[in-house]
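Source file: input36.cif (mmCIF, C-alpha atoms and all ligand atoms)
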```cif
data_coords
loop_
_atom_site.label_atom_id
_atom_site.label_comp_id
_atom_site.auth_asym_id
_atom_site.auth_seq_id
_atom_site.Cartn_x
_atom_site.Cartn_y
_atom_site.Cartn_z
CA MET A 829 -0.97 18.50 -32.20
CA HIS A 830 -3.13 16.73 -29.61
CA ARG A 831 -6.69 15.74 -30.42
CA VAL A 832 -9.91 15.80 -28.41
CA MET A 833 -13.01 13.89 -29.43
CA ILE A 834 -16.39 15.48 -28.69
CA GLN A 835 -19.12 12.98 -29.47
CA PRO A 836 -22.88 13.26 -28.82
CA ALA A 837 -24.06 10.46 -26.52
CA THR A 838 -26.67 9.35 -24.03
CA TYR A 839 -26.22 6.82 -21.24
CA GLU A 840 -28.26 4.38 -23.32
CA ASN A 841 -26.01 4.53 -26.41
CA VAL A 842 -22.70 5.40 -24.73
CA ARG A 843 -20.98 2.30 -26.09
CA GLN A 844 -20.93 3.84 -29.59
CA ALA A 845 -18.99 6.84 -28.29
CA VAL A 846 -16.62 4.57 -26.37
CA ASP A 847 -15.97 2.52 -29.53
CA ARG A 848 -15.29 5.74 -31.42
CA ALA A 849 -12.80 6.84 -28.72
CA PHE A 850 -10.86 3.60 -29.07
CA GLU A 851 -10.91 3.96 -32.88
CA LEU A 852 -9.49 7.48 -32.71
CA PHE A 853 -6.95 6.63 -30.02
CA PRO A 854 -5.92 3.07 -30.88
CA VAL A 855 -4.22 1.21 -28.07
CA GLU A 856 -2.56 -2.16 -27.56
CA ILE A 857 -4.34 -3.72 -24.61
CA GLU A 858 -4.07 -7.43 -25.36
CA GLY A 859 -1.90 -9.15 -22.78
CA ARG A 860 -1.40 -6.00 -20.72
CA ASN A 861 -2.40 -5.03 -17.19
CA VAL A 862 -5.10 -2.39 -17.37
CA LEU A 863 -6.43 -0.08 -14.67
CA ILE A 864 -9.71 1.79 -15.24
CA LYS A 865 -10.08 4.70 -12.84
CA PRO A 866 -13.48 6.37 -12.65
CA ASN A 867 -14.11 9.45 -10.51
CA VAL A 868 -15.66 8.04 -7.32
CA LEU A 869 -15.70 11.14 -5.14
CA ARG A 870 -17.95 9.61 -2.52
CA ALA A 871 -20.82 7.25 -1.80
CA SER A 872 -23.79 8.80 -3.63
CA GLU A 873 -26.57 7.87 -6.03
CA ALA A 874 -25.57 7.82 -9.71
CA LYS A 875 -28.39 10.31 -10.45
CA GLU A 876 -26.68 12.91 -8.20
CA GLY A 877 -24.03 13.24 -10.92
CA ILE A 878 -21.15 13.34 -8.43
CA VAL A 879 -19.33 10.33 -9.85
CA THR A 880 -18.65 8.93 -13.32
CA HIS A 881 -21.93 7.38 -14.45
CA PRO A 882 -22.01 3.56 -14.24
CA ALA A 883 -23.17 3.31 -17.88
CA VAL A 884 -19.89 4.90 -18.98
CA LEU A 885 -17.81 2.61 -16.80
CA ARG A 886 -19.76 -0.43 -18.00
CA ALA A 887 -19.20 0.46 -21.66
CA VAL A 888 -15.45 0.90 -21.13
CA VAL A 889 -15.18 -2.35 -19.13
CA ASP A 890 -17.05 -4.23 -21.88
CA LYS A 891 -14.76 -2.76 -24.52
CA VAL A 892 -11.51 -3.48 -22.67
CA GLU A 893 -12.68 -6.99 -21.76
CA GLU A 894 -13.16 -7.73 -25.48
CA MET A 895 -9.62 -6.55 -26.20
CA GLY A 896 -8.08 -9.34 -24.12
CA PRO A 897 -6.10 -7.68 -21.33
CA ALA A 898 -3.85 -9.84 -19.14
CA SER A 899 -5.59 -8.32 -16.13
CA LEU A 900 -8.18 -5.65 -15.53
CA ILE A 901 -8.73 -3.65 -12.36
CA VAL A 902 -11.42 -1.04 -11.75
CA GLY A 903 -10.63 1.13 -8.76
CA ASP A 904 -10.41 4.55 -7.14
CA ASN A 905 -9.73 6.10 -3.75
CA PRO A 906 -12.75 8.19 -2.73
CA GLY A 907 -12.40 11.65 -1.23
CA LEU A 908 -12.82 13.36 2.11
CA PHE A 909 -16.30 12.14 2.99
CA SER A 910 -15.72 8.51 2.02
CA TYR A 911 -12.22 7.60 3.24
CA GLY A 912 -12.44 4.03 4.40
CA ASP A 913 -15.70 3.59 2.51
CA ASN A 914 -14.31 2.35 -0.78
CA GLU A 915 -16.57 -0.65 -1.37
CA ASN A 916 -19.69 1.15 -0.22
CA SER A 917 -18.89 4.08 -2.52
CA PHE A 918 -18.74 1.73 -5.50
CA GLU A 919 -21.85 -0.15 -4.40
CA LYS A 920 -24.05 2.86 -3.76
CA THR A 921 -23.15 4.60 -7.02
CA GLY A 922 -23.82 1.46 -9.08
CA LEU A 923 -20.18 1.38 -10.14
CA MET A 924 -19.61 -1.96 -8.41
CA ALA A 925 -22.11 -3.68 -10.72
CA ALA A 926 -20.76 -1.78 -13.72
CA ALA A 927 -17.24 -3.03 -12.91
CA LYS A 928 -18.43 -6.61 -13.57
CA GLY A 929 -16.26 -8.26 -10.93
CA TYR A 930 -13.11 -6.31 -11.81
CA TYR A 931 -13.49 -3.93 -8.86
CA ARG A 932 -10.62 -3.88 -6.41
CA ASN A 933 -10.17 -1.76 -3.30
CA ILE A 934 -6.95 -0.15 -4.54
CA GLY A 935 -6.53 1.68 -1.24
CA ASN A 936 -5.53 -1.61 0.41
CA ASP A 937 -2.13 -1.77 -1.21
CA ALA A 938 0.10 1.25 -1.62
CA GLN A 939 3.73 2.03 -2.33
CA LYS A 940 5.71 4.96 -1.02
CA VAL A 941 7.25 7.07 -3.77
CA PRO A 942 9.34 10.27 -3.68
CA PHE A 943 7.30 13.46 -4.16
CA ASN A 944 8.04 17.14 -4.68
CA ALA A 945 9.68 18.07 -1.37
CA ASP A 946 8.19 21.58 -1.55
CA TYR A 947 4.98 19.84 -0.51
CA LEU A 948 5.75 16.43 1.00
CA PRO A 949 8.95 14.38 0.75
CA SER A 950 6.99 11.27 -0.23
CA VAL A 951 3.47 10.01 -0.81
CA SER A 952 1.96 6.53 -0.91
CA VAL A 953 0.33 5.66 -4.22
CA SER A 954 -2.04 2.76 -4.84
CA ARG A 955 0.14 -0.04 -6.18
CA ALA A 956 -2.48 -0.84 -8.85
CA VAL A 957 -1.70 2.56 -10.42
CA LEU A 958 2.04 1.98 -10.43
CA ASP A 959 1.77 -1.62 -11.68
CA ALA A 960 -0.62 -0.91 -14.56
CA ASP A 961 0.75 -1.08 -18.10
CA PHE A 962 -2.21 0.97 -19.25
CA VAL A 963 -4.32 3.44 -17.25
CA ILE A 964 -7.71 4.61 -18.53
CA SER A 965 -9.01 7.62 -16.65
CA LEU A 966 -12.77 8.26 -16.64
CA PRO A 967 -13.33 11.79 -15.29
CA LYS A 968 -16.70 13.45 -14.87
CA PHE A 969 -17.35 16.85 -16.46
CA LYS A 970 -17.61 18.91 -13.26
CA THR A 971 -16.75 22.15 -11.60
CA HIS A 972 -14.60 22.25 -8.46
CA GLY A 973 -14.49 24.97 -5.82
CA LEU A 974 -10.72 24.88 -5.55
CA THR A 975 -9.48 23.99 -9.04
CA ILE A 976 -12.50 25.51 -10.87
CA LEU A 977 -12.87 22.39 -12.97
CA THR A 978 -12.14 18.77 -12.20
CA GLY A 979 -11.39 16.77 -15.30
CA ALA A 980 -8.54 14.76 -16.76
CA ILE A 981 -5.73 16.08 -14.54
CA LYS A 982 -7.64 16.27 -11.26
CA ASN A 983 -9.05 12.74 -11.61
CA SER A 984 -5.58 11.40 -10.87
CA TYR A 985 -5.71 12.91 -7.37
CA GLY A 986 -7.46 9.66 -6.49
CA TYR A 987 -4.13 7.85 -6.84
CA LEU A 988 -3.62 8.72 -3.17
CA PRO A 989 -5.38 6.47 -0.67
CA GLY A 990 -6.76 7.79 2.61
CA ALA A 991 -6.19 11.15 4.21
CA GLN A 992 -3.10 11.92 2.17
CA LYS A 993 -5.37 13.98 -0.05
CA ALA A 994 -6.25 16.19 2.91
CA ARG A 995 -2.62 16.24 4.06
CA LEU A 996 -1.47 17.46 0.67
CA HIS A 997 -4.22 20.10 0.69
CA ARG A 998 -2.77 21.36 3.95
CA ALA A 999 0.84 21.09 2.83
CA ALA A 1000 -0.02 23.16 -0.26
CA GLY A 1001 -1.45 25.93 1.92
CA SER A 1002 -2.91 28.16 -0.83
CA PRO A 1003 -5.26 27.45 -3.75
CA GLU A 1004 -2.49 28.30 -6.22
CA ARG A 1005 -0.06 25.83 -4.67
CA PHE A 1006 -2.81 23.23 -4.50
CA HIS A 1007 -3.30 23.56 -8.26
CA GLU A 1008 0.39 22.74 -8.65
CA ALA A 1009 0.25 19.84 -6.18
CA VAL A 1010 -2.56 18.29 -8.24
CA VAL A 1011 -0.26 18.30 -11.27
CA GLU A 1012 2.53 16.72 -9.22
CA VAL A 1013 0.19 13.83 -8.31
CA PHE A 1014 -1.00 13.54 -11.91
CA ARG A 1015 2.52 13.15 -13.25
CA LEU A 1016 3.32 10.32 -10.84
CA ARG A 1017 1.56 8.21 -13.50
CA VAL A 1018 0.14 10.03 -16.49
CA PRO A 1019 -2.86 8.00 -17.74
CA ASP A 1020 -2.80 6.72 -21.30
CA LEU A 1021 -6.38 7.48 -22.29
CA PHE A 1022 -9.11 9.78 -20.97
CA ILE A 1023 -12.82 9.25 -21.57
CA VAL A 1024 -14.93 11.96 -19.95
CA ASP A 1025 -18.52 11.49 -18.86
CA ALA A 1026 -20.08 14.73 -20.12
CA VAL A 1027 -23.51 13.23 -20.77
CA VAL A 1028 -24.69 14.89 -17.57
CA GLY A 1029 -22.17 17.38 -16.22
CA MET A 1030 -22.06 19.55 -13.13
CA GLU A 1031 -21.94 23.32 -12.82
CA GLY A 1032 -22.02 25.70 -9.85
CA ASN A 1033 -20.14 24.93 -6.71
CA GLY A 1034 -18.74 21.46 -7.50
CA PRO A 1035 -17.45 18.83 -7.02
CA ALA A 1036 -20.72 17.82 -5.32
CA SER A 1037 -23.08 20.58 -6.44
CA PRO A 1038 -26.80 19.90 -6.97
CA ASP A 1039 -26.63 21.92 -10.23
CA LEU A 1040 -26.52 19.28 -12.94
CA ARG A 1041 -26.33 20.15 -16.60
CA ASP A 1042 -27.46 18.04 -19.55
CA ILE A 1043 -24.56 18.24 -21.98
CA GLY A 1044 -25.08 15.03 -23.93
CA LEU A 1045 -21.44 14.31 -24.79
CA ILE A 1046 -18.65 11.82 -24.32
CA MET A 1047 -15.21 13.34 -24.74
CA ALA A 1048 -11.92 11.52 -25.23
CA SER A 1049 -8.24 12.27 -25.66
CA ASP A 1050 -4.83 10.82 -25.02
CA ASN A 1051 -3.66 14.14 -23.57
CA ALA A 1052 -5.01 15.54 -20.31
CA VAL A 1053 -3.93 19.16 -20.85
CA ALA A 1054 -5.73 19.31 -24.19
CA MET A 1055 -8.79 17.65 -22.68
CA ASP A 1056 -9.00 20.03 -19.71
CA ALA A 1057 -8.38 23.04 -21.98
CA VAL A 1058 -11.37 22.01 -24.11
CA MET A 1059 -13.52 21.43 -21.02
CA ALA A 1060 -12.53 24.87 -19.68
CA THR A 1061 -13.43 26.49 -23.00
CA MET A 1062 -16.84 24.78 -22.96
CA MET A 1063 -17.38 26.18 -19.46
CA GLY A 1064 -16.67 29.67 -20.83
CA LEU A 1065 -13.27 29.85 -19.17
CA GLU A 1066 -9.97 30.96 -20.64
CA PRO A 1067 -7.78 27.84 -20.05
CA GLY A 1068 -4.75 29.98 -19.20
CA ARG A 1069 -6.61 31.22 -16.10
CA LEU A 1070 -6.27 27.80 -14.56
CA ARG A 1071 -3.03 27.54 -12.65
CA PHE A 1072 -2.97 23.75 -12.89
CA LEU A 1073 -3.08 23.94 -16.68
CA LYS A 1074 -0.30 26.52 -16.78
CA LYS A 1075 1.80 24.34 -14.48
CA ALA A 1076 1.12 21.23 -16.58
CA GLU A 1077 2.17 23.08 -19.72
CA GLU A 1078 5.32 24.39 -18.01
CA LEU A 1079 6.19 20.78 -17.17
CA GLY A 1080 5.84 19.75 -20.81
CA LEU A 1081 2.69 17.71 -20.31
CA GLY A 1082 0.79 19.33 -23.20
CA SER A 1083 -0.52 22.61 -24.54
CA TYR A 1084 -3.67 24.37 -23.35
CA ASP A 1085 -3.70 26.64 -26.38
CA ILE A 1086 -7.03 25.82 -27.98
CA ASP A 1087 -5.64 26.70 -31.42
CA GLU A 1088 -3.05 23.95 -30.95
CA ILE A 1089 -5.71 21.28 -30.31
CA GLU A 1090 -7.48 19.37 -33.06
CA ILE A 1091 -11.16 19.03 -32.20
CA ILE A 1092 -12.88 15.97 -33.57
CA GLY A 1093 -16.52 16.97 -33.32
CA GLU A 1094 -18.05 20.31 -32.45
CA LEU A 1095 -16.71 22.54 -29.69
CA LYS A 1096 -19.56 24.65 -28.32
CA ILE A 1097 -19.46 26.97 -25.34
CA LEU A 1098 -22.21 26.03 -22.89
CA PRO A 1099 -24.41 29.12 -22.53
CA ASP A 1100 -24.55 30.74 -19.07
CA PHE A 1101 -22.50 27.95 -17.54
CA LYS A 1102 -22.31 28.52 -13.78
CA LEU A 1103 -18.72 28.50 -12.50
CA PRO A 1104 -17.66 28.26 -8.86
CA PRO A 1105 -16.21 31.41 -7.30
CA ALA A 1106 -12.87 32.10 -9.00
CA GLY A 1107 -9.60 31.50 -7.21
CA GLY A 1108 -10.72 28.64 -5.03
CA GLU A 1109 -12.55 30.64 -2.37
CA ALA A 1110 -15.40 28.13 -2.26
CA ILE A 1111 -13.35 25.48 -0.54
CA SER A 1112 -10.37 27.35 0.85
CA GLN A 1113 -12.65 29.72 2.79
CA ASN A 1114 -15.17 27.11 3.85
CA LYS A 1115 -14.33 26.61 7.53
CA VAL A 1116 -16.34 23.42 7.94
CA ILE A 1117 -14.53 21.69 5.07
CA GLN A 1118 -11.15 22.99 6.14
CA GLU A 1119 -11.66 21.80 9.72
CA MET A 1120 -12.90 18.43 8.54
CA MET A 1121 -9.88 18.01 6.28
CA HIS A 1122 -7.58 18.90 9.14
CA SER A 1123 -9.28 16.55 11.59
CA ARG A 1124 -9.07 13.71 9.08
CA THR A 1125 -5.30 14.10 8.82
CA LEU A 1126 -5.02 13.72 12.61
CA LEU A 1127 -6.97 10.45 12.97
CA ARG A 1128 -4.90 7.42 13.98
CA PRO A 1129 -5.92 3.80 14.63
CA GLN A 1130 -6.27 2.44 18.14
CA ALA A 1131 -6.96 -1.18 18.99
CA ASP A 1132 -9.43 -1.93 21.76
CA PRO A 1133 -7.57 -4.23 24.21
CA ASP A 1134 -10.87 -5.89 25.20
CA LEU A 1135 -11.63 -6.95 21.61
CA CYS A 1136 -8.22 -7.38 19.96
CA THR A 1137 -7.02 -10.98 19.68
CA ALA A 1138 -3.56 -9.98 18.43
CA CYS A 1139 -4.24 -11.84 15.18
CA GLY A 1140 -1.95 -9.50 13.23
CA THR A 1141 -4.30 -9.14 10.25
CA CYS A 1142 -4.23 -5.36 10.41
CA ILE A 1143 -0.41 -5.39 10.47
CA ASP A 1144 -0.27 -7.61 7.39
CA GLN A 1145 -2.82 -5.49 5.54
CA CYS A 1146 -1.59 -1.98 6.33
CA PRO A 1147 -0.58 -0.66 2.88
CA VAL A 1148 2.32 1.38 4.22
CA SER A 1149 3.55 -0.88 7.07
CA ALA A 1150 2.62 1.64 9.73
CA LEU A 1151 1.56 -0.99 12.28
CA SER A 1152 3.62 -3.33 14.42
CA MET A 1153 2.86 -5.49 17.44
CA ASP A 1154 3.73 -3.97 20.77
CA GLY A 1155 3.09 -6.62 23.40
CA ASP A 1156 -0.43 -7.84 22.70
CA LEU A 1157 -1.65 -4.83 20.73
CA PRO A 1158 -0.89 -3.32 17.35
CA ARG A 1159 0.62 0.15 17.58
CA VAL A 1160 0.79 2.75 14.86
CA ASP A 1161 3.72 4.83 13.69
CA SER A 1162 1.93 8.17 13.31
CA ASP A 1163 4.49 9.54 10.89
CA ILE A 1164 3.91 6.70 8.44
CA CYS A 1165 0.12 6.18 8.75
CA ILE A 1166 -1.82 7.62 5.80
CA THR A 1167 -5.21 7.33 7.58
CA CYS A 1168 -6.60 5.00 4.96
CA PHE A 1169 -8.96 3.16 7.35
CA CYS A 1170 -7.88 -0.23 5.95
CA CYS A 1171 -7.00 -1.62 9.39
CA GLN A 1172 -10.43 -0.64 10.69
CA GLU A 1173 -12.12 -2.22 7.67
CA ILE A 1174 -10.14 -5.44 7.81
CA CYS A 1175 -10.20 -6.19 11.55
CA PRO A 1176 -12.27 -9.36 12.04
CA GLU A 1177 -13.01 -8.45 15.68
CA LYS A 1178 -14.08 -4.84 14.99
CA ALA A 1179 -11.40 -3.95 17.51
CA MET A 1180 -9.76 -1.16 15.51
CA THR A 1181 -11.09 2.38 15.38
CA LEU A 1182 -9.58 5.64 14.18
CA LYS A 1183 -9.54 8.35 16.82
S1 LIG A 1201 -6.86 -7.11 13.07
FE1 LIG A 1201 -8.04 -6.49 14.86
S2 LIG A 1201 -7.90 -8.23 16.24
FE2 LIG A 1201 -6.30 -8.51 14.72
S3 LIG A 1201 -4.47 -7.53 15.66
FE3 LIG A 1201 -5.47 -5.99 14.41
S4 LIG A 1201 -6.82 -4.90 15.85
FE4 LIG A 1201 -6.26 -6.83 16.80
S1 LIG A 1202 -2.29 2.14 10.31
FE1 LIG A 1202 -4.36 1.72 9.54
S2 LIG A 1202 -5.12 3.71 8.88
FE2 LIG A 1202 -2.90 3.89 9.10
S3 LIG A 1202 -2.09 3.49 7.06
FE3 LIG A 1202 -2.08 1.53 8.17
S4 LIG A 1202 -4.01 0.55 7.66
FE4 LIG A 1202 -4.19 2.72 7.07
#
```

Please rewrite the model in this file as structure tokens.
Amino acid sequence: MHRVMIQPATYENVRQAVDRAFELFPVEIEGRNVLIKPNVLRASEAKEGIVTHPAVLRAVVDKVEEMGPASLIVGDNPGLFSYGDNENSFEKTGLMAAAKGYYRNIGNDAQKVPFNADYLPSVSVSRAVLDADFVISLPKFKTHGLTILTGAIKNSYGYLPGAQKARLHRAAGSPERFHEAVVEVFRLRVPDLFIVDAVVGMEGNGPASPDLRDIGLIMASDNAVAMDAVMATMMGLEPGRLRFLKKAEELGLGSYDIDEIEIIGELKILPDFKLPPAGGEAISQNKVIQEMMHSRTLLRPQADPDLCTACGTCIDQCPVSALSMDGDLPRVDSDICITCFCCQEICPEKAMTLK
């Protein structure tokens, strides 16, 4: 039986809840390579509640640091509105300071791995995810227009750097298939521990809704299906309604049956919790978002011949080796490029743009 901790907390005393999570889910971290992955959807103020709160990240970093890891990385790949804006997203949210020097732009180094060919034959995953001995996922308690809630399973969608997220959205085609694609990304590397920022959660039309909700909790588990099932129940949702949870259970990743989950703490349904429109209409029928996603998948880098010095830095740094020198200019292989914006970020001459 999987367990989920539900512990009262504020951002001021969050360390106590983090300590409790590590007590309940003891882990061997000493001498291991640890990745902490908050939800950094986009550059925003911490008070907007769109990302994992910096106080939660700080408490987890402090805790892990004390446990003597061989290495510690804090990183994420932001979503649609902040591709290529990794550092700024961490800075603006306050997560850069909370990461205490352990931040790394994990979108700069990726490895191609086979994927479910019903969607895409392969995807490129941040190497920091694949190399970690121990992954700690720090989701935010939020709604999501397409998956209804974004929690332990959906937080792993950030394994994919750049516009691959949008490409997979398109490859999925329907909300139901997108739910399943999210699980396929999650199981590329199932995190070892989940600590959810539910001190201030989000309701309404997430994942960037202005409707914040004071919940006053930190939640933790070592099983994502159990965690998301408990979050769904708190939102007033029958977990079995969520296709991604059904898919995860079918794949043997856990049980969403609330009677099969041991609750450590008090499970309360949040009264009158505002859900997004059921079935994913909020995003799948939003033309502006759909067009933006599509346009992002089509962007490709182009070097300005007047500025480019043929230094080759972009070629060395491309995480998927999509660039090569063609005469005096780098050229992109469009089939390989994942539109991660790294070449634009790294170019010392500001010669590279994505068009
Ligand atoms: S990093 Fe910039 S200057 Fe150097 S080869 Fe690439 S585009 Fe040209
Ligand atoms: S060519 Fe540029 S945008 Fe495309 S994957 Fe390489 S670094 Fe990223």

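CA of Gly1093 (chain A) lies 8.6 Å from CA of Pro836 (chain A).
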
| said: Counting all atoms listed in the file, what are the residues, protein, DNA or RNA alike, that approach ligand LIG 1202 (chain A) to within 7 Å? I want them as a ChimeraX atom specification. | reply: /A:1128-1129,1142,1145-1151,1160,1164-1172

> Residues at most 7 Å from Gly859 (chain A), counting only C-alpha atoms, excluding those fewer than 3 positions away in the same chain, as a list in words?
Replying inline: Gly896, Pro897 and Ala898 of chain A

Write out, as a tab-separated table, each residue of region 845-886 of chain A that has an atom at most 9 Å from region 969-993 of chain A, together with the closest pair of atoms and their distance in Å to one decimal, counting all atoms listed in the file, rows going by chain and rising number.
```
residue	atom	partner	partner_atom	distance
A:Lys865	CA	A:Asn983	CA	8.2
A:Pro866	CA	A:Asn983	CA	7.8
A:Asn867	CA	A:Asn983	CA	6.1
A:Val868	CA	A:Gly986	CA	8.4
A:Leu869	CA	A:Gly986	CA	8.5
A:Gly877	CA	A:Lys970	CA	8.9
A:Ile878	CA	A:Lys970	CA	8.2
A:Thr880	CA	A:Phe969	CA	8.6
```

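Of the residues under consideration (A:Val889, A:Leu1079, A:Cys1136, A:Leu1182), A:Cys1136 shows the shortest atom-to-atom contact distance to ligand LIG 1201 (chain A) when counting all atoms listed in the file.
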
- Contacts of ligand LIG 1201 (chain A), 7 Å or closer, only C-alpha atoms and all ligand atoms, given as a PyMOL selection string: chain A and resi 1131+1135-1143+1157-1158+1171+1174-1180

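Minimum atom-to-atom distances from A:Phe1022, A:Phe962, A:Tyr947, A:Tyr931 to Phe1006 (chain A) were compared using all atoms listed in the file, and the lowest value belongs to A:Tyr947.
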
Produce region 846-861 of chain A of the given structure as output with C-alpha atoms, as a JSON list (two decimals), in the first residue's frame.
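Now in result_23.json:
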```json
[["chain", "number", "residue", "atom", "x", "y", "z"],
["A", 846, "VAL", "CA", 10.14, 18.69, 4.52],
["A", 847, "ASP", "CA", 11.94, 17.00, 7.44],
["A", 848, "ARG", "CA", 8.82, 14.97, 8.14],
["A", 849, "ALA", "CA", 8.65, 13.89, 4.47],
["A", 850, "PHE", "CA", 12.23, 12.61, 4.60],
["A", 851, "GLU", "CA", 11.47, 10.81, 7.90],
["A", 852, "LEU", "CA", 8.45, 9.05, 6.41],
["A", 853, "PHE", "CA", 10.18, 8.25, 3.12],
["A", 854, "PRO", "CA", 13.77, 7.57, 4.16],
["A", 855, "VAL", "CA", 16.28, 7.73, 1.34],
["A", 856, "GLU", "CA", 19.98, 7.11, 0.87],
["A", 857, "ILE", "CA", 21.35, 10.30, -0.62],
["A", 858, "GLU", "CA", 24.91, 10.36, 0.68],
["A", 859, "GLY", "CA", 27.37, 9.98, -2.17],
["A", 860, "ARG", "CA", 24.68, 9.97, -4.85],
["A", 861, "ASN", "CA", 23.86, 12.32, -7.71]]
```
